[in-house]
Amino acid sequence: MTTEKIFIGIDNERIELTGEALESFIAERAIRIQEAEAKVLEAEAKATQKAALLERLGITEDEARLLLA
């Protein structure tokens with residue numbers, strides 16, 4: 001099993017995270033990664049829905065912008 005070494009900087013001092021602090025950092029990082037991936041998926045879904053709507057309406061994105069301006 002490989003262990004991940006993570007260092008943080010505090011007042012120009014490099015400190016290795018260990019124990020509970022390391023576990024907490026890794027867990028929080030995993031949550032942030034999941035949240036970022038969810039945002040990307042949401043944006044992709046929204047873009048797909050938008051493209052489908054524009055196609056159903058038979059207009060381009062530029063034409064839709066003109067209508068909404």
# chains A, B, ... in the order shown; residues from 1 in each chain; ligands from 1
>>> select_by_dssp(residues="stretch 5-45 of chain A", states="strand (DSSP E)", output="PyMOL selection string")
chain A and resi 7-10+13-16
>>> residues_around(residues="A:Glu61", least_positions_apart="4", cutoff="12 Å", atoms="only C-alpha atoms", output="number ranges by chain")
A: 47, 50-55, 57, 65-68
>>> atom_distance(atom1="atom CA of A:Gly19", atom2="atom CA of A:Phe7")
12.7 Å
>>> residues_around(residues="A:Glu23", least_positions_apart="6", cutoff="12 Å", atoms="only C-alpha atoms", output="list in words")
Thr3, Glu4, Lys5, Ile6, Leu17, Arg29 and Ala30 of chain A
>>> write_last_selection(atoms="C-alpha atoms", output="PDB file, in the first residue's frame")
ATOM      1  CA  THR A   3       0.743   6.331   1.327  1.00  0.00           C
ATOM      2  CA  GLU A   4       0.195   9.820   0.050  1.00  0.00           C
ATOM      3  CA  LYS A   5       2.388  12.527   1.531  1.00  0.00           C
ATOM      4  CA  ILE A   6       0.806  15.956   1.646  1.00  0.00           C
ATOM      5  CA  LEU A  17       0.084  16.337   7.256  1.00  0.00           C
ATOM      6  CA  ARG A  29     -10.373  17.081  -1.250  1.00  0.00           C
ATOM      7  CA  ALA A  30     -12.479  14.126  -2.459  1.00  0.00           C
TER       8      ALA A  30
END
>>> select_by_dssp(residues="stretch 8-66 of chain A", states="helix (DSSP H, G or I)", output="mmCIF file with C-alpha atoms, in the first residue's frame")
data_model
loop_
_atom_site.group_PDB
_atom_site.id
_atom_site.type_symbol
_atom_site.label_atom_id
_atom_site.label_comp_id
_atom_site.auth_asym_id
_atom_site.auth_seq_id
_atom_site.Cartn_x
_atom_site.Cartn_y
_atom_site.Cartn_z
ATOM 1 C CA GLY A 19 -2.864 11.154 11.067
ATOM 2 C CA GLU A 20 -6.289 12.696 11.418
ATOM 3 C CA ALA A 21 -5.262 15.934 9.690
ATOM 4 C CA LEU A 22 -4.146 13.970 6.598
ATOM 5 C CA GLU A 23 -7.320 11.874 6.563
ATOM 6 C CA SER A 24 -9.465 14.986 6.905
ATOM 7 C CA PHE A 25 -7.588 16.765 4.103
ATOM 8 C CA ILE A 26 -7.961 13.787 1.744
ATOM 9 C CA ALA A 27 -11.683 13.439 2.554
ATOM 10 C CA GLU A 28 -12.324 17.161 2.008
ATOM 11 C CA ARG A 29 -10.373 17.081 -1.250
ATOM 12 C CA ALA A 30 -12.479 14.126 -2.459
ATOM 13 C CA ILE A 31 -15.657 16.071 -1.670
ATOM 14 C CA ARG A 32 -14.397 19.131 -3.584
ATOM 15 C CA ILE A 33 -13.516 16.946 -6.572
ATOM 16 C CA GLN A 34 -16.988 15.359 -6.550
ATOM 17 C CA GLU A 35 -18.624 18.793 -6.341
ATOM 18 C CA ALA A 36 -16.539 20.079 -9.257
ATOM 19 C CA GLU A 37 -17.386 17.024 -11.352
ATOM 20 C CA ALA A 38 -21.088 17.474 -10.547
ATOM 21 C CA LYS A 39 -20.925 21.106 -11.704
ATOM 22 C CA VAL A 40 -19.312 20.050 -14.981
ATOM 23 C CA LEU A 41 -21.999 17.404 -15.564
ATOM 24 C CA GLU A 42 -24.712 19.932 -14.736
ATOM 25 C CA ALA A 43 -23.265 22.464 -17.184
ATOM 26 C CA GLU A 44 -23.013 19.819 -19.904
ATOM 27 C CA ALA A 45 -26.628 18.749 -19.327
ATOM 28 C CA LYS A 46 -27.777 22.360 -19.457
ATOM 29 C CA ALA A 47 -25.897 22.945 -22.724
ATOM 30 C CA THR A 48 -27.439 19.806 -24.221
ATOM 31 C CA GLN A 49 -30.928 20.906 -23.180
ATOM 32 C CA LYS A 50 -30.311 24.374 -24.587
ATOM 33 C CA ALA A 51 -29.107 22.977 -27.917
ATOM 34 C CA ALA A 52 -32.135 20.678 -28.125
ATOM 35 C CA LEU A 53 -34.509 23.566 -27.424
ATOM 36 C CA LEU A 54 -32.881 25.786 -30.042
ATOM 37 C CA GLU A 55 -33.110 22.970 -32.567
ATOM 38 C CA ARG A 56 -36.803 22.404 -31.749
ATOM 39 C CA LEU A 57 -37.430 26.118 -32.202
ATOM 40 C CA GLU A 61 -28.000 30.661 -30.525
ATOM 41 C CA ASP A 62 -27.303 34.113 -32.000
ATOM 42 C CA GLU A 63 -30.950 34.464 -33.005
ATOM 43 C CA ALA A 64 -32.060 33.466 -29.495
ATOM 44 C CA ARG A 65 -29.763 36.147 -28.034
ATOM 45 C CA LEU A 66 -31.374 38.741 -30.302
#
